[in-house]
$ cat final14.cif   # mmCIF, C-alpha atoms and all ligand atoms
data_my_file
#
loop_
_atom_site.group_PDB
_atom_site.id
_atom_site.type_symbol
_atom_site.label_atom_id
_atom_site.label_comp_id
_atom_site.auth_asym_id
_atom_site.auth_seq_id
_atom_site.Cartn_x
_atom_site.Cartn_y
_atom_site.Cartn_z
ATOM 1 C CA MET Z 72 101.214 -45.337 -35.020
ATOM 2 C CA SER Z 73 104.452 -44.900 -33.132
ATOM 3 C CA HIS Z 74 103.702 -47.370 -30.319
ATOM 4 C CA GLU Z 75 103.056 -51.082 -30.502
ATOM 5 C CA VAL Z 76 99.545 -52.377 -29.747
ATOM 6 C CA VAL Z 77 99.484 -55.172 -27.177
ATOM 7 C CA VAL Z 78 96.280 -57.214 -26.880
ATOM 8 C CA ARG Z 79 95.780 -59.313 -23.776
ATOM 9 C CA GLU Z 80 93.055 -60.716 -21.585
ATOM 10 C CA ALA Z 81 91.831 -58.091 -19.117
ATOM 11 C CA ALA Z 82 93.172 -58.380 -15.597
ATOM 12 C CA GLY Z 83 90.874 -58.360 -12.566
ATOM 13 C CA ALA Z 84 91.675 -54.756 -11.667
ATOM 14 C CA GLN Z 85 90.917 -53.242 -15.077
ATOM 15 C CA GLN Z 86 87.161 -52.674 -14.693
ATOM 16 C CA GLU Z 87 87.699 -48.955 -14.075
ATOM 17 C CA ALA Z 88 89.725 -48.626 -17.276
ATOM 18 C CA LEU Z 89 87.042 -50.552 -19.151
ATOM 19 C CA ALA Z 90 84.327 -48.292 -17.718
ATOM 20 C CA THR Z 91 86.280 -45.175 -18.744
ATOM 21 C CA LEU Z 92 86.522 -46.560 -22.255
ATOM 22 C CA GLU Z 93 82.781 -47.347 -22.217
ATOM 23 C CA ALA Z 94 82.003 -43.747 -21.262
ATOM 24 C CA SER Z 95 84.079 -42.479 -24.204
ATOM 25 C CA SER Z 96 82.366 -44.729 -26.733
ATOM 26 C CA PHE Z 97 78.717 -45.473 -25.888
ATOM 27 C CA ASP Z 98 75.614 -43.350 -25.241
ATOM 28 C CA ILE Z 99 74.581 -45.776 -22.499
ATOM 29 C CA PRO Z 100 77.918 -46.891 -21.016
ATOM 30 C CA TRP Z 101 78.309 -49.827 -18.670
ATOM 31 C CA SER Z 102 79.648 -48.974 -15.211
ATOM 32 C CA ALA Z 103 82.672 -50.596 -13.592
ATOM 33 C CA ASP Z 104 80.272 -52.482 -11.288
ATOM 34 C CA ALA Z 105 78.261 -53.786 -14.231
ATOM 35 C CA ILE Z 106 81.457 -54.923 -15.955
ATOM 36 C CA ARG Z 107 82.692 -56.556 -12.748
ATOM 37 C CA ALA Z 108 79.402 -58.462 -12.429
ATOM 38 C CA LEU Z 109 79.698 -59.656 -16.019
ATOM 39 C CA LEU Z 110 83.269 -60.823 -15.571
ATOM 40 C CA ASP Z 111 82.299 -62.613 -12.376
ATOM 41 C CA ASP Z 112 79.546 -64.631 -14.066
ATOM 42 C CA GLY Z 113 82.014 -67.248 -15.275
ATOM 43 C CA LEU Z 114 80.762 -66.937 -18.869
ATOM 44 C CA THR Z 115 82.248 -63.635 -19.979
ATOM 45 C CA ARG Z 116 85.828 -62.805 -20.946
ATOM 46 C CA ALA Z 117 87.319 -59.416 -21.704
ATOM 47 C CA TRP Z 118 90.372 -58.397 -23.690
ATOM 48 C CA VAL Z 119 92.115 -55.046 -23.761
ATOM 49 C CA ALA Z 120 94.268 -53.305 -26.343
ATOM 50 C CA VAL Z 121 97.072 -51.396 -24.666
ATOM 51 C CA VAL Z 122 99.243 -48.715 -26.258
ATOM 52 C CA ALA Z 123 102.118 -47.156 -24.296
ATOM 53 C CA GLY Z 124 100.659 -48.561 -21.068
ATOM 54 C CA ALA Z 125 97.147 -47.142 -21.593
ATOM 55 C CA VAL Z 126 94.004 -49.146 -22.276
ATOM 56 C CA VAL Z 127 92.717 -47.795 -25.601
ATOM 57 C CA GLY Z 128 90.410 -50.617 -26.629
ATOM 58 C CA ALA Z 129 88.395 -53.457 -25.168
ATOM 59 C CA ALA Z 130 86.109 -56.300 -26.201
ATOM 60 C CA LEU Z 131 83.821 -58.591 -24.216
ATOM 61 C CA VAL Z 132 82.564 -62.018 -25.276
ATOM 62 C CA ARG Z 133 79.998 -64.155 -23.442
ATOM 63 C CA VAL Z 134 79.994 -67.882 -24.192
ATOM 64 C CA VAL Z 135 76.985 -70.116 -23.543
ATOM 65 C CA ALA Z 136 76.726 -73.728 -24.708
ATOM 66 C CA GLY Z 137 79.434 -73.481 -27.342
ATOM 67 C CA GLU Z 138 78.235 -70.239 -28.896
ATOM 68 C CA GLY Z 139 79.669 -66.799 -28.203
ATOM 69 C CA GLU Z 140 78.193 -63.345 -28.279
ATOM 70 C CA LEU Z 141 80.376 -60.318 -28.883
ATOM 71 C CA LEU Z 142 78.814 -58.027 -26.274
ATOM 72 C CA ARG Z 143 80.991 -54.954 -26.819
ATOM 73 C CA ILE Z 144 83.998 -53.722 -28.701
ATOM 74 C CA ALA Z 145 85.272 -50.174 -28.465
ATOM 75 C CA VAL Z 146 88.365 -48.131 -29.170
ATOM 76 C CA HIS Z 147 88.942 -44.729 -27.572
ATOM 77 C CA PRO Z 148 87.919 -41.968 -30.022
ATOM 78 C CA GLU Z 149 91.461 -40.556 -30.180
ATOM 79 C CA ALA Z 150 92.899 -43.966 -31.113
ATOM 80 C CA ARG Z 151 90.467 -44.933 -33.878
ATOM 81 C CA ARG Z 152 91.280 -45.644 -37.523
ATOM 82 C CA GLN Z 153 94.687 -47.077 -36.673
ATOM 83 C CA GLY Z 154 93.842 -50.771 -36.882
ATOM 84 C CA ILE Z 155 93.459 -51.260 -33.118
ATOM 85 C CA ALA Z 156 89.961 -52.808 -33.246
ATOM 86 C CA HIS Z 157 91.082 -55.045 -36.101
ATOM 87 C CA ALA Z 158 94.044 -56.309 -34.054
ATOM 88 C CA LEU Z 159 91.911 -56.672 -30.930
ATOM 89 C CA LEU Z 160 89.102 -58.581 -32.633
ATOM 90 C CA GLY Z 161 91.584 -60.858 -34.371
ATOM 91 C CA VAL Z 162 93.001 -61.935 -31.006
ATOM 92 C CA VAL Z 163 89.524 -62.269 -29.491
ATOM 93 C CA LEU Z 164 88.366 -64.575 -32.283
ATOM 94 C CA SER Z 165 91.497 -66.737 -32.139
ATOM 95 C CA ALA Z 166 91.264 -67.007 -28.355
ATOM 96 C CA SER Z 167 87.526 -67.814 -28.435
ATOM 97 C CA ALA Z 168 87.485 -70.329 -31.283
ATOM 98 C CA ASP Z 169 87.911 -73.469 -29.175
ATOM 99 C CA ALA Z 170 85.161 -72.455 -26.739
ATOM 100 C CA CYS Z 171 82.817 -71.451 -29.568
ATOM 101 C CA PRO Z 172 82.468 -74.320 -32.060
ATOM 102 C CA LEU Z 173 79.033 -72.915 -32.943
ATOM 103 C CA GLY Z 174 80.557 -69.552 -33.674
ATOM 104 C CA ILE Z 175 80.074 -66.028 -32.388
ATOM 105 C CA HIS Z 176 77.091 -63.813 -33.049
ATOM 106 C CA LEU Z 177 76.387 -60.135 -32.513
ATOM 107 C CA GLU Z 178 73.897 -57.375 -33.159
ATOM 108 C CA VAL Z 179 74.924 -54.001 -34.513
ATOM 109 C CA ARG Z 180 73.040 -50.805 -35.347
ATOM 110 C CA ALA Z 181 72.363 -50.690 -39.067
ATOM 111 C CA SER Z 182 73.952 -47.202 -39.255
ATOM 112 C CA ASN Z 183 77.191 -48.234 -37.478
ATOM 113 C CA VAL Z 184 79.291 -48.328 -40.626
ATOM 114 C CA ALA Z 185 82.594 -48.524 -38.761
ATOM 115 C CA ALA Z 186 81.621 -51.574 -36.703
ATOM 116 C CA ARG Z 187 79.946 -53.359 -39.612
ATOM 117 C CA HIS Z 188 83.045 -52.851 -41.725
ATOM 118 C CA LEU Z 189 85.280 -54.102 -38.921
ATOM 119 C CA TYR Z 190 83.160 -57.233 -38.429
ATOM 120 C CA ALA Z 191 82.963 -57.998 -42.142
ATOM 121 C CA ARG Z 192 86.745 -57.649 -42.465
ATOM 122 C CA GLN Z 193 87.119 -60.271 -39.724
ATOM 123 C CA GLY Z 194 84.801 -62.739 -41.485
ATOM 124 C CA PHE Z 195 81.422 -62.040 -39.887
ATOM 125 C CA ILE Z 196 78.525 -62.377 -42.287
ATOM 126 C CA ASP Z 197 75.094 -60.735 -42.145
ATOM 127 C CA HIS Z 198 72.361 -63.235 -41.489
ATOM 128 C CA GLY Z 199 69.324 -61.267 -40.461
ATOM 129 C CA ARG Z 200 67.798 -57.995 -39.307
ATOM 130 C CA ARG Z 201 65.700 -57.154 -36.248
ATOM 131 C CA ARG Z 202 63.394 -54.270 -37.050
ATOM 132 C CA ASP Z 203 63.373 -51.398 -34.524
ATOM 133 C CA TYR Z 204 65.558 -53.420 -32.139
ATOM 134 C CA TYR Z 205 67.314 -50.336 -30.744
ATOM 135 C CA GLN Z 206 65.682 -47.308 -29.087
ATOM 136 C CA ALA Z 207 66.847 -43.672 -28.813
ATOM 137 C CA PRO Z 208 67.166 -43.499 -31.727
ATOM 138 C CA LYS Z 209 64.951 -46.308 -32.922
ATOM 139 C CA GLU Z 210 66.857 -48.384 -35.428
ATOM 140 C CA ASP Z 211 67.128 -51.864 -36.909
ATOM 141 C CA ALA Z 212 69.785 -54.298 -35.703
ATOM 142 C CA ILE Z 213 71.822 -56.245 -38.205
ATOM 143 C CA LEU Z 214 72.591 -59.764 -36.999
ATOM 144 C CA MET Z 215 76.041 -61.044 -37.871
ATOM 145 C CA HIS Z 216 77.711 -64.397 -37.331
ATOM 146 C CA TRP Z 217 81.264 -65.742 -37.433
ATOM 147 C CA ARG Z 218 82.349 -69.372 -37.522
ATOM 148 C CA PRO Z 219 85.792 -70.736 -36.676
ATOM 149 C CA ALA Z 220 87.688 -72.044 -39.699
ATOM 150 C CA GLY Z 221 86.699 -75.570 -40.652
ATOM 151 C CA THR Z 222 83.136 -75.341 -39.360
ATOM 152 C CA ARG Z 223 80.024 -74.872 -41.421
ATOM 153 C CA GLY Z 224 77.937 -71.740 -42.068
ATOM 154 C CA PRO Z 225 75.646 -69.971 -39.588
ATOM 155 C CA ARG Z 226 72.532 -71.505 -38.112
ATOM 156 C CA VAL Z 227 69.620 -69.299 -39.188
HETATM 157 C C1 LIG V 301 83.893 -49.689 -34.306
HETATM 158 C C2 LIG V 301 85.246 -49.323 -33.671
HETATM 159 C C3 LIG V 301 85.508 -50.286 -32.522
HETATM 160 C C4 LIG V 301 86.351 -49.443 -34.745
HETATM 161 O O1 LIG V 301 87.601 -49.207 -34.081
HETATM 162 P P1 LIG V 301 88.917 -48.782 -34.905
HETATM 163 O O2 LIG V 301 90.086 -49.091 -34.067
HETATM 164 O O3 LIG V 301 88.758 -47.368 -35.357
HETATM 165 O O4 LIG V 301 88.838 -49.743 -36.174
HETATM 166 P P2 LIG V 301 90.097 -50.130 -37.104
HETATM 167 O O5 LIG V 301 90.977 -48.937 -37.267
HETATM 168 O O6 LIG V 301 90.723 -51.378 -36.569
HETATM 169 O O7 LIG V 301 89.385 -50.440 -38.468
HETATM 170 C C5 LIG V 301 88.868 -51.730 -38.762
HETATM 171 C C6 LIG V 301 88.192 -51.669 -40.103
HETATM 172 O O8 LIG V 301 86.997 -50.883 -39.996
HETATM 173 C C7 LIG V 301 87.093 -49.775 -40.884
HETATM 174 N N1 LIG V 301 86.561 -48.603 -40.240
HETATM 175 C C8 LIG V 301 86.870 -48.158 -38.998
HETATM 176 N N2 LIG V 301 86.211 -47.004 -38.763
HETATM 177 C C9 LIG V 301 85.489 -46.751 -39.887
HETATM 178 C C10 LIG V 301 84.609 -45.710 -40.240
HETATM 179 N N3 LIG V 301 84.352 -44.683 -39.405
HETATM 180 N N4 LIG V 301 84.019 -45.774 -41.459
HETATM 181 C C11 LIG V 301 84.266 -46.791 -42.295
HETATM 182 N N5 LIG V 301 85.108 -47.819 -42.028
HETATM 183 C C12 LIG V 301 85.702 -47.785 -40.816
HETATM 184 C C13 LIG V 301 88.550 -49.574 -41.146
HETATM 185 O O9 LIG V 301 88.735 -48.904 -42.358
HETATM 186 C C14 LIG V 301 89.069 -50.967 -41.146
HETATM 187 O O10 LIG V 301 88.819 -51.574 -42.380
HETATM 188 P P3 LIG V 301 90.025 -51.803 -43.399
HETATM 189 O O11 LIG V 301 90.944 -52.795 -42.720
HETATM 190 O O12 LIG V 301 89.315 -52.360 -44.606
HETATM 191 O O13 LIG V 301 90.653 -50.495 -43.594
HETATM 192 C C15 LIG V 301 85.244 -47.860 -33.147
HETATM 193 O O14 LIG V 301 84.786 -47.007 -34.189
HETATM 194 C C16 LIG V 301 84.391 -47.632 -31.910
HETATM 195 O O15 LIG V 301 84.854 -47.816 -30.781
HETATM 196 N N6 LIG V 301 83.127 -47.203 -32.115
HETATM 197 C C17 LIG V 301 82.232 -46.913 -30.954
HETATM 198 C C18 LIG V 301 81.787 -48.183 -30.254
HETATM 199 C C19 LIG V 301 81.017 -49.104 -31.188
HETATM 200 O O16 LIG V 301 80.179 -48.678 -31.990
HETATM 201 N N7 LIG V 301 81.282 -50.434 -31.062
HETATM 202 C C20 LIG V 301 80.618 -51.449 -31.868
HETATM 203 C C21 LIG V 301 79.294 -51.867 -31.290
HETATM 204 S S1 LIG V 301 79.481 -52.699 -29.720
#

$ encode --input "final14.cif" --output "structure tokens"
Amino acid sequence: MSHEVVVREAAGAQQEALATLEASSFDIPWSADAIRALLDDGLTRAWVAVVAGAVVGAALVRVVAGEGELLRIAVHPEARRQGIAHALLGVVLSASADACPLGIHLEVRASNVAARHLYARQGFIDHGRRRDYYQAPKEDAILMHWRPAGTRGPRV
């Protein structure tokens, strides 16, 4: 990649950029209003990956009672396979560690090879499966969990 990737916490006015990214990456994208409501709940933080001034990636984490949930991570289709999600998730995990002593969990479609590989590379481990969790198409969810360094394994 010719341009540097900058990862930073999303600013208040970036919901539209996040919604545009959602539309490029998910079958059922979240709207700017839905993202704004999430970011206003006081529990959710968002980070963006910016290349040459454009938002090309984003991640959202919700923290409740010392445990986080990675709600979303996406990179624009034209910017994938360049290490952007890896860089983004690395920053998200470092920035969330103090607030998440119980770790961060997520669900991912069993067929989402790219995301599962990304999560595993960042230290998430599989710790369960929810049968037929997703609809359209119906598919199992894989449950994954990450713990900050120095803490013990996942609660199962
Ligand atoms: C999952 C996603 C965020 C990965 O973004 P990315 O910027 O292309 O990922 P990276 O280039 O940082 O790659 C991270 C790791 O995943 C691997 N990976 C990425 N895409 C892959 C693919 N299609 N197949 C296999 N491995 C893949 C990379 O090889 C890399 O591993 P490595 O370091 O061992 O080489 C991106 O594909 C995406 O936005 N998908 C749609 C949204 C989505 O499914 N989000 C997850 C559920 S919320």

$ axis_aligned_box --input "final14.cif" --around "ligand LIG 301 (chain V)" --padding-each-side "6 Å" --output "AutoDock Vina command-line options"
--center_x 85.1 --center_y -48.7 --center_z -37.2 --size_x 23.7 --size_y 20.1 --size_z 26.9

$ residues_near_ligand --input "final14.cif" --ligand "ligand LIG 301 (chain V)" --cutoff "7 Å" --atoms "only C-alpha atoms and all ligand atoms" --output "PyMOL selection string"
chain Z and resi 96-97+142-148+150-158+179+183-186+188-189+192

$ write_last_selection --input "final14.cif" --atoms "C-alpha atoms" --output "mmCIF file, in the coordinates of the input"
data_model
loop_
_atom_site.group_PDB
_atom_site.id
_atom_site.type_symbol
_atom_site.label_atom_id
_atom_site.label_comp_id
_atom_site.auth_asym_id
_atom_site.auth_seq_id
_atom_site.Cartn_x
_atom_site.Cartn_y
_atom_site.Cartn_z
ATOM 1 C CA SER Z 96 82.366 -44.729 -26.733
ATOM 2 C CA PHE Z 97 78.717 -45.473 -25.888
ATOM 3 C CA LEU Z 142 78.814 -58.027 -26.274
ATOM 4 C CA ARG Z 143 80.991 -54.954 -26.819
ATOM 5 C CA ILE Z 144 83.998 -53.722 -28.701
ATOM 6 C CA ALA Z 145 85.272 -50.174 -28.465
ATOM 7 C CA VAL Z 146 88.365 -48.131 -29.170
ATOM 8 C CA HIS Z 147 88.942 -44.729 -27.572
ATOM 9 C CA PRO Z 148 87.919 -41.968 -30.022
ATOM 10 C CA ALA Z 150 92.899 -43.966 -31.113
ATOM 11 C CA ARG Z 151 90.467 -44.933 -33.878
ATOM 12 C CA ARG Z 152 91.280 -45.644 -37.523
ATOM 13 C CA GLN Z 153 94.687 -47.077 -36.673
ATOM 14 C CA GLY Z 154 93.842 -50.771 -36.882
ATOM 15 C CA ILE Z 155 93.459 -51.260 -33.118
ATOM 16 C CA ALA Z 156 89.961 -52.808 -33.246
ATOM 17 C CA HIS Z 157 91.082 -55.045 -36.101
ATOM 18 C CA ALA Z 158 94.044 -56.309 -34.054
ATOM 19 C CA VAL Z 179 74.924 -54.001 -34.513
ATOM 20 C CA ASN Z 183 77.191 -48.234 -37.478
ATOM 21 C CA VAL Z 184 79.291 -48.328 -40.626
ATOM 22 C CA ALA Z 185 82.594 -48.524 -38.761
ATOM 23 C CA ALA Z 186 81.621 -51.574 -36.703
ATOM 24 C CA HIS Z 188 83.045 -52.851 -41.725
ATOM 25 C CA LEU Z 189 85.280 -54.102 -38.921
ATOM 26 C CA ARG Z 192 86.745 -57.649 -42.465
#

$ resolve_selection --input "final14.cif" --expression "the PyMOL selection byres (((chain Z and resi 106) around 10) and not hetatm)" --output "list of chain:residue names"
Z:Gln85, Z:Gln86, Z:Glu87, Z:Leu89, Z:Ala90, Z:Glu93, Z:Trp101, Z:Ser102, Z:Ala103, Z:Asp104, Z:Ala105, Z:Arg107, Z:Ala108, Z:Leu109, Z:Leu110, Z:Asp111, Z:Thr115, Z:Ala117, Z:Leu131

$ write_last_selection --input "final14.cif" --atoms "C-alpha atoms" --output "short mmCIF file (atom, residue, chain, number, x, y, z; two decimals), in the coordinates of the input"
data_model
loop_
_atom_site.label_atom_id
_atom_site.label_comp_id
_atom_site.auth_asym_id
_atom_site.auth_seq_id
_atom_site.Cartn_x
_atom_site.Cartn_y
_atom_site.Cartn_z
CA GLN Z 85 90.92 -53.24 -15.08
CA GLN Z 86 87.16 -52.67 -14.69
CA GLU Z 87 87.70 -48.96 -14.08
CA LEU Z 89 87.04 -50.55 -19.15
CA ALA Z 90 84.33 -48.29 -17.72
CA GLU Z 93 82.78 -47.35 -22.22
CA TRP Z 101 78.31 -49.83 -18.67
CA SER Z 102 79.65 -48.97 -15.21
CA ALA Z 103 82.67 -50.60 -13.59
CA ASP Z 104 80.27 -52.48 -11.29
CA ALA Z 105 78.26 -53.79 -14.23
CA ARG Z 107 82.69 -56.56 -12.75
CA ALA Z 108 79.40 -58.46 -12.43
CA LEU Z 109 79.70 -59.66 -16.02
CA LEU Z 110 83.27 -60.82 -15.57
CA ASP Z 111 82.30 -62.61 -12.38
CA THR Z 115 82.25 -63.64 -19.98
CA ALA Z 117 87.32 -59.42 -21.70
CA LEU Z 131 83.82 -58.59 -24.22
#

$ closest_residue --input "final14.cif" --among "Z:Ala181, Z:Leu141, Z:Val119, Z:Ala166" --to "Z:Trp217" --atoms "all atoms listed in the file"
Z:Leu141

$ closest_residue --input "final14.cif" --among "Z:Val135, Z:Val127, Z:Leu114, Z:Ala94" --to "Z:Leu173" --atoms "all atoms listed in the file"
Z:Val135

$ closest_residue --input "final14.cif" --among "Z:Phe195, Z:Gly113, Z:Ala82, Z:Glu178" --to "Z:Glu210" --atoms "all atoms listed in the file"
Z:Glu178

$ atom_distance --input "final14.cif" --atom1 "atom CA of Z:Ala81" --atom2 "atom CA of Z:Ala123"
15.9 Å

$ atom_distance --input "final14.cif" --atom1 "atom CA of Z:Ile99" --atom2 "atom CA of Z:Gln206"
11.2 Å

$ build_atoms --input "final14.cif" --residues "stretch 132-155 of chain Z" --atoms "N, CA and C atoms" --output "mmCIF file, keeping the file's coordinate frame"
data_model
loop_
_atom_site.group_PDB
_atom_site.id
_atom_site.type_symbol
_atom_site.label_atom_id
_atom_site.label_comp_id
_atom_site.auth_asym_id
_atom_site.auth_seq_id
_atom_site.Cartn_x
_atom_site.Cartn_y
_atom_site.Cartn_z
ATOM 1 N N VAL Z 132 83.261 -60.901 -24.634
ATOM 2 C CA VAL Z 132 82.564 -62.018 -25.276
ATOM 3 C C VAL Z 132 81.953 -62.898 -24.198
ATOM 4 N N ARG Z 133 80.679 -63.248 -24.367
ATOM 5 C CA ARG Z 133 79.998 -64.155 -23.442
ATOM 6 C C ARG Z 133 79.775 -65.466 -24.164
ATOM 7 N N VAL Z 134 80.122 -66.573 -23.541
ATOM 8 C CA VAL Z 134 79.994 -67.882 -24.192
ATOM 9 C C VAL Z 134 78.992 -68.737 -23.419
ATOM 10 N N VAL Z 135 77.984 -69.222 -24.138
ATOM 11 C CA VAL Z 135 76.985 -70.116 -23.543
ATOM 12 C C VAL Z 135 76.798 -71.293 -24.487
ATOM 13 N N ALA Z 136 76.997 -72.497 -23.961
ATOM 14 C CA ALA Z 136 76.726 -73.728 -24.708
ATOM 15 C C ALA Z 136 77.390 -73.745 -26.084
ATOM 16 N N GLY Z 137 78.662 -73.363 -26.109
ATOM 17 C CA GLY Z 137 79.434 -73.481 -27.342
ATOM 18 C C GLY Z 137 79.224 -72.376 -28.353
ATOM 19 N N GLU Z 138 78.445 -71.359 -27.971
ATOM 20 C CA GLU Z 138 78.235 -70.239 -28.896
ATOM 21 C C GLU Z 138 78.552 -68.943 -28.163
ATOM 22 N N GLY Z 139 79.279 -68.056 -28.824
ATOM 23 C CA GLY Z 139 79.669 -66.799 -28.203
ATOM 24 C C GLY Z 139 78.814 -65.648 -28.684
ATOM 25 N N GLU Z 140 78.805 -64.608 -27.855
ATOM 26 C CA GLU Z 140 78.193 -63.345 -28.279
ATOM 27 C C GLU Z 140 79.209 -62.240 -28.044
ATOM 28 N N LEU Z 141 79.513 -61.489 -29.072
ATOM 29 C CA LEU Z 141 80.376 -60.318 -28.883
ATOM 30 C C LEU Z 141 79.503 -59.217 -28.296
ATOM 31 N N LEU Z 142 79.682 -58.973 -26.983
ATOM 32 C CA LEU Z 142 78.814 -58.027 -26.274
ATOM 33 C C LEU Z 142 79.195 -56.587 -26.579
ATOM 34 N N ARG Z 143 80.486 -56.318 -26.662
ATOM 35 C CA ARG Z 143 80.991 -54.954 -26.819
ATOM 36 C C ARG Z 143 82.333 -55.010 -27.495
ATOM 37 N N ILE Z 144 82.614 -54.003 -28.297
ATOM 38 C CA ILE Z 144 83.998 -53.722 -28.701
ATOM 39 C C ILE Z 144 84.083 -52.214 -28.873
ATOM 40 N N ALA Z 145 85.127 -51.628 -28.356
ATOM 41 C CA ALA Z 145 85.272 -50.174 -28.465
ATOM 42 C C ALA Z 145 86.744 -49.802 -28.463
ATOM 43 N N VAL Z 146 87.028 -48.732 -29.168
ATOM 44 C CA VAL Z 146 88.365 -48.131 -29.170
ATOM 45 C C VAL Z 146 88.184 -46.653 -28.816
ATOM 46 N N HIS Z 147 89.054 -46.136 -27.984
ATOM 47 C CA HIS Z 147 88.942 -44.729 -27.572
ATOM 48 C C HIS Z 147 88.911 -43.838 -28.821
ATOM 49 N N PRO Z 148 88.049 -42.817 -28.827
ATOM 50 C CA PRO Z 148 87.919 -41.968 -30.022
ATOM 51 C C PRO Z 148 89.252 -41.451 -30.568
ATOM 52 N N GLU Z 149 90.179 -41.124 -29.703
ATOM 53 C CA GLU Z 149 91.461 -40.556 -30.180
ATOM 54 C C GLU Z 149 92.388 -41.619 -30.774
ATOM 55 N N ALA Z 150 92.025 -42.888 -30.607
ATOM 56 C CA ALA Z 150 92.899 -43.966 -31.113
ATOM 57 C C ALA Z 150 92.269 -44.716 -32.292
ATOM 58 N N ARG Z 151 91.155 -44.202 -32.796
ATOM 59 C CA ARG Z 151 90.467 -44.933 -33.878
ATOM 60 C C ARG Z 151 91.164 -44.767 -35.231
ATOM 61 N N ARG Z 152 90.788 -45.622 -36.144
ATOM 62 C CA ARG Z 152 91.280 -45.644 -37.523
ATOM 63 C C ARG Z 152 92.785 -45.904 -37.585
ATOM 64 N N GLN Z 153 93.268 -46.703 -36.660
ATOM 65 C CA GLN Z 153 94.687 -47.077 -36.673
ATOM 66 C C GLN Z 153 94.851 -48.588 -36.629
ATOM 67 N N GLY Z 154 93.755 -49.316 -36.852
ATOM 68 C CA GLY Z 154 93.842 -50.771 -36.882
ATOM 69 C C GLY Z 154 93.768 -51.438 -35.517
ATOM 70 N N ILE Z 155 93.456 -50.672 -34.468
ATOM 71 C CA ILE Z 155 93.459 -51.260 -33.118
ATOM 72 C C ILE Z 155 92.299 -52.239 -32.948
#
